[in-house]
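**Q** Mind looking over this structure? Questions follow.
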Amino acid sequence: MKTADHKIYLASKSPRRRELLRQIGIDFELLLLRSDGPRGADVTEEVLPGESALDYVARVANEKAAFAWDLVRRRHLTPRPVLAADTTVTIDGVILGKPADRAEAVAMLQQLSGRTHQVLTSIAVHYKDFAEQHTQVSQVRFGVLSPASIAAYCATPEPYDKAGGYGIQGSAALFVEHIEGSHSGIMGLPLYETAQLLREAGLPLP
């Protein structure tokens, strides 16, 4: 399968995912899905009853990619692979989403302090009859966080648009004692696995 050109569609609002794609030289065009508004979100990100973190991120990434590919067809856009992704943080089997306010961000960081948690990023690529998905799981251990360091971090804008209330690419890197897995996956896009799926979809990558 060959692509129409060397571009992809990125169905994500995340600036970190854009930076990561640029890092490995992948050219992309944004294809943004609606996350709110009168008609609601194009793809719901609510956790279903009894849904595990692994099932949750895989489902959301796949639904985003499928919806975005359907947009390509309905709008008669240039056919290109569509890449979508979803990231979540889990500890003790509990999914930690994006904190709604300062109190929730503080509580999340207190829960992560001095412990190991999991960061799951699922990626999905849809293109014509190609539809594949992969989930990358990393282990992240935080050092013990003082109340002052938590308060200082939560006084910044950083925690509030990120699963688990932190981003490893920002000042929260100071909290991370050890990681096992993919640094780019923890940021929101595991580059090795992403490149593999895009090659399989027909994108000419080295």
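To be explicit about the labels: the chains of the structure tokens are called A, B, and onward in the order shown, and within each one the residues are counted from 1, while ligands get numbers from 1 in the order they are shown.
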Looking only at the backbone, which of the residues in region 69-158 of chain A does DSSP tag as strand (DSSP E), as number ranges by chain?
**A** A: 82-91, 94-96, 116-127, 130-142
**Q** Using only C-alpha atoms for the distances, tell me which of A:Tyr127, A:Lys7, A:Arg115, A:Ala163 is nearest to Pro204 (chain A).
**A**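 Ranking A:Tyr127, A:Lys7, A:Arg115, A:Ala163 by distance to Pro204 (chain A), first place goes to A:Lys7.
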**Q** Per residue of region 15-58 of chain A within 12 Å of region 83-101 of chain A, record the nearest atom pair and its distance in Å to one decimal, counting only C-alpha atoms, with rows in chain order and ascending residue number, as a tab-separated table.
**A**
residue	atom	partner	partner_atom	distance
A:Arg16	CA	A:Ala85	CA	11.7
A:Arg17	CA	A:Ala85	CA	8.9
A:Arg18	CA	A:Leu83	CA	11.3
A:Leu21	CA	A:Leu83	CA	10.7
A:Ile26	CA	A:Leu83	CA	11.4
A:Asp27	CA	A:Leu83	CA	11.8
A:Phe28	CA	A:Leu83	CA	9.5
A:Glu29	CA	A:Leu83	CA	10.3
A:Leu30	CA	A:Leu83	CA	9.8
A:Leu31	CA	A:Leu83	CA	9.4
A:Leu32	CA	A:Ala84	CA	10.0
A:Leu33	CA	A:Ala84	CA	10.2
A:Val43	CA	A:Asp86	CA	11.5
A:Thr44	CA	A:Asp86	CA	11.8
A:Glu45	CA	A:Asp86	CA	9.2
A:Glu46	CA	A:Gly97	CA	9.5
A:Val47	CA	A:Ile95	CA	8.6
A:Leu48	CA	A:Ile95	CA	11.4
A:Gly50	CA	A:Val94	CA	10.9
A:Glu51	CA	A:Ile95	CA	9.8
A:Ser52	CA	A:Gly93	CA	7.7
A:Ala53	CA	A:Ile95	CA	6.2
A:Leu54	CA	A:Thr88	CA	8.9
A:Asp55	CA	A:Thr88	CA	11.0
A:Tyr56	CA	A:Thr88	CA	8.6
A:Val57	CA	A:Asp86	CA	5.6
A:Ala58	CA	A:Asp86	CA	7.6
**Q** Which residues are close to region 159-161 of chain A, i.e. within 12 Å by only C-alpha atoms, leaving aside same-chain residues fewer than 4 positions away? Reply as number ranges by chain.
**A** A: 13-16, 87-88, 96-109, 150-155, 165-172
**Q** Neighbours of Ser138 (chain A) within 8 Å (only C-alpha atoms; same-chain residues fewer than 2 positions away dropped), as a list in words?
**A**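 Close residues of Ser138 (chain A): Gln118, Val119, Leu120, Gln136, Val140, Ile179, Glu180, Gly181, Ser182, Gly185 and Ile186 of chain A.
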**Q** Restrict the selected residues to N, CA, C and O atoms and save them as a compact mmCIF listing (two decimals), in the first residue's frame.
**A**
# COMPACT_ATOMS: atom_id res chain seq x y z
N GLN A 118 1.96 3.64 36.29
CA GLN A 118 2.06 3.24 34.89
C GLN A 118 1.50 4.36 34.00
O GLN A 118 0.48 4.95 34.32
N VAL A 119 2.22 4.60 32.90
CA VAL A 119 1.74 5.52 31.87
C VAL A 119 1.49 4.70 30.62
O VAL A 119 2.40 4.04 30.11
N LEU A 120 0.25 4.74 30.15
CA LEU A 120 -0.13 3.98 28.96
C LEU A 120 -0.45 4.95 27.83
O LEU A 120 -1.28 5.85 28.00
N GLN A 136 1.64 1.18 24.35
CA GLN A 136 2.94 1.13 25.02
C GLN A 136 2.76 1.46 26.50
O GLN A 136 2.06 2.42 26.85
N VAL A 140 6.85 4.40 35.81
CA VAL A 140 7.47 5.65 36.24
C VAL A 140 7.46 5.69 37.77
O VAL A 140 6.40 5.54 38.39
N ILE A 179 12.52 5.61 35.24
CA ILE A 179 11.52 5.16 34.28
C ILE A 179 11.97 3.86 33.63
O ILE A 179 13.17 3.60 33.49
N GLU A 180 11.00 3.06 33.28
CA GLU A 180 11.26 1.83 32.53
C GLU A 180 10.24 1.80 31.39
O GLU A 180 9.05 1.69 31.65
N GLY A 181 10.73 1.95 30.17
CA GLY A 181 9.82 1.98 29.05
C GLY A 181 10.23 3.00 28.02
O GLY A 181 11.41 3.07 27.65
N SER A 182 9.29 3.83 27.57
CA SER A 182 9.53 4.78 26.48
C SER A 182 9.34 6.21 26.99
O SER A 182 8.24 6.58 27.41
N GLY A 185 6.87 7.83 24.87
CA GLY A 185 5.55 7.30 25.19
C GLY A 185 4.95 7.98 26.40
O GLY A 185 3.75 8.27 26.44
N ILE A 186 5.78 8.26 27.39
CA ILE A 186 5.32 8.96 28.58
C ILE A 186 4.90 10.38 28.21
O ILE A 186 3.95 10.93 28.77
**Q** Enumerate, as a VMD selection string, the complete set of residues in region 47-156 of chain A that a backbone-based DSSP assignment places in helix (DSSP H, G or I).
**A** chain A and resid 53 to 74 102 to 112 147 to 154
**Q** Using Å and a single decimal, report how far CA of His117 (chain A) sits from CA of Glu158 (chain A).
**A**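 Computing the Euclidean distance for CA of Glu158 (chain A) and CA of His117 (chain A) yields 18.9 Å.
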**Q** Can you pull out the residues contacting Leu20 (chain A)? Cut-off 9 Å, using only C-alpha atoms, and skip same-chain residues under 4 positions away; I want them as a PyMOL selection string.
**A** chain A and resi 15-16+24-26+184+187-191
**Q** Rounded to one decimal, what separation in Å do you get between CA of Ala41 (chain A) and CA of Tyr9 (chain A)?
**A** 19.0 Å
**Q** Which one is closest to Gln196 (chain A): A:Leu10, A:Val82, A:Val125, A:Ala66? Count only C-alpha atoms.
**A**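 Among the listed residues, A:Val125 lies closest to Gln196 (chain A).
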**Q** Pick the closest to Asn62 (chain A) from A:Ala201, A:Ile123, A:Leu174, A:Leu112: which is it, counting only C-alpha atoms?
**A** A:Ile123
**Q** Calculated over only C-alpha atoms, which of the candidates A:Lys64, A:Arg34, A:Arg80, A:Lys162 has the smallest distance to Gly202 (chain A)?
**A**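 Going through A:Lys64, A:Arg34, A:Arg80, A:Lys162 one by one, the smallest distance to Gly202 (chain A) is for A:Arg80.
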**Q** Tell me, as a PyMOL selection string, which residues lie within 12 Å of Arg199 (chain A), counting only C-alpha atoms; anything in the same chain fewer than 3 positions away does not count.
**A** chain A and resi 1-3+6+8+26+81+125+127+130+132+192-196+202-206
**Q** Next, dump the selected residues to file, keeping only C-alpha atoms, as an mmCIF file, in the first residue's frame.
**A**
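The result, stored in result_22.cif:
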data_model
loop_
_atom_site.group_PDB
_atom_site.id
_atom_site.type_symbol
_atom_site.label_atom_id
_atom_site.label_comp_id
_atom_site.auth_asym_id
_atom_site.auth_seq_id
_atom_site.Cartn_x
_atom_site.Cartn_y
_atom_site.Cartn_z
ATOM 1 C CA MET A 1 0.000 0.000 0.000
ATOM 2 C CA LYS A 2 1.409 3.384 -1.000
ATOM 3 C CA THR A 3 0.345 6.743 0.366
ATOM 4 C CA HIS A 6 4.523 11.783 2.426
ATOM 5 C CA ILE A 8 -0.125 12.091 7.576
ATOM 6 C CA ILE A 26 7.222 13.247 9.937
ATOM 7 C CA PRO A 81 -2.756 7.778 7.043
ATOM 8 C CA VAL A 125 -3.367 4.360 12.504
ATOM 9 C CA TYR A 127 -5.702 4.345 6.202
ATOM 10 C CA PHE A 130 -5.445 -0.554 7.146
ATOM 11 C CA GLU A 132 -3.891 -1.094 13.464
ATOM 12 C CA TYR A 192 9.450 3.694 17.774
ATOM 13 C CA GLU A 193 5.998 2.102 17.689
ATOM 14 C CA THR A 194 4.513 5.076 15.835
ATOM 15 C CA ALA A 195 7.099 4.802 13.067
ATOM 16 C CA GLN A 196 6.458 1.066 12.805
ATOM 17 C CA GLY A 202 2.608 2.724 3.614
ATOM 18 C CA LEU A 203 4.413 5.871 4.722
ATOM 19 C CA PRO A 204 7.962 5.835 3.295
ATOM 20 C CA LEU A 205 10.097 6.115 6.427
ATOM 21 C CA PRO A 206 13.760 5.119 6.724
#
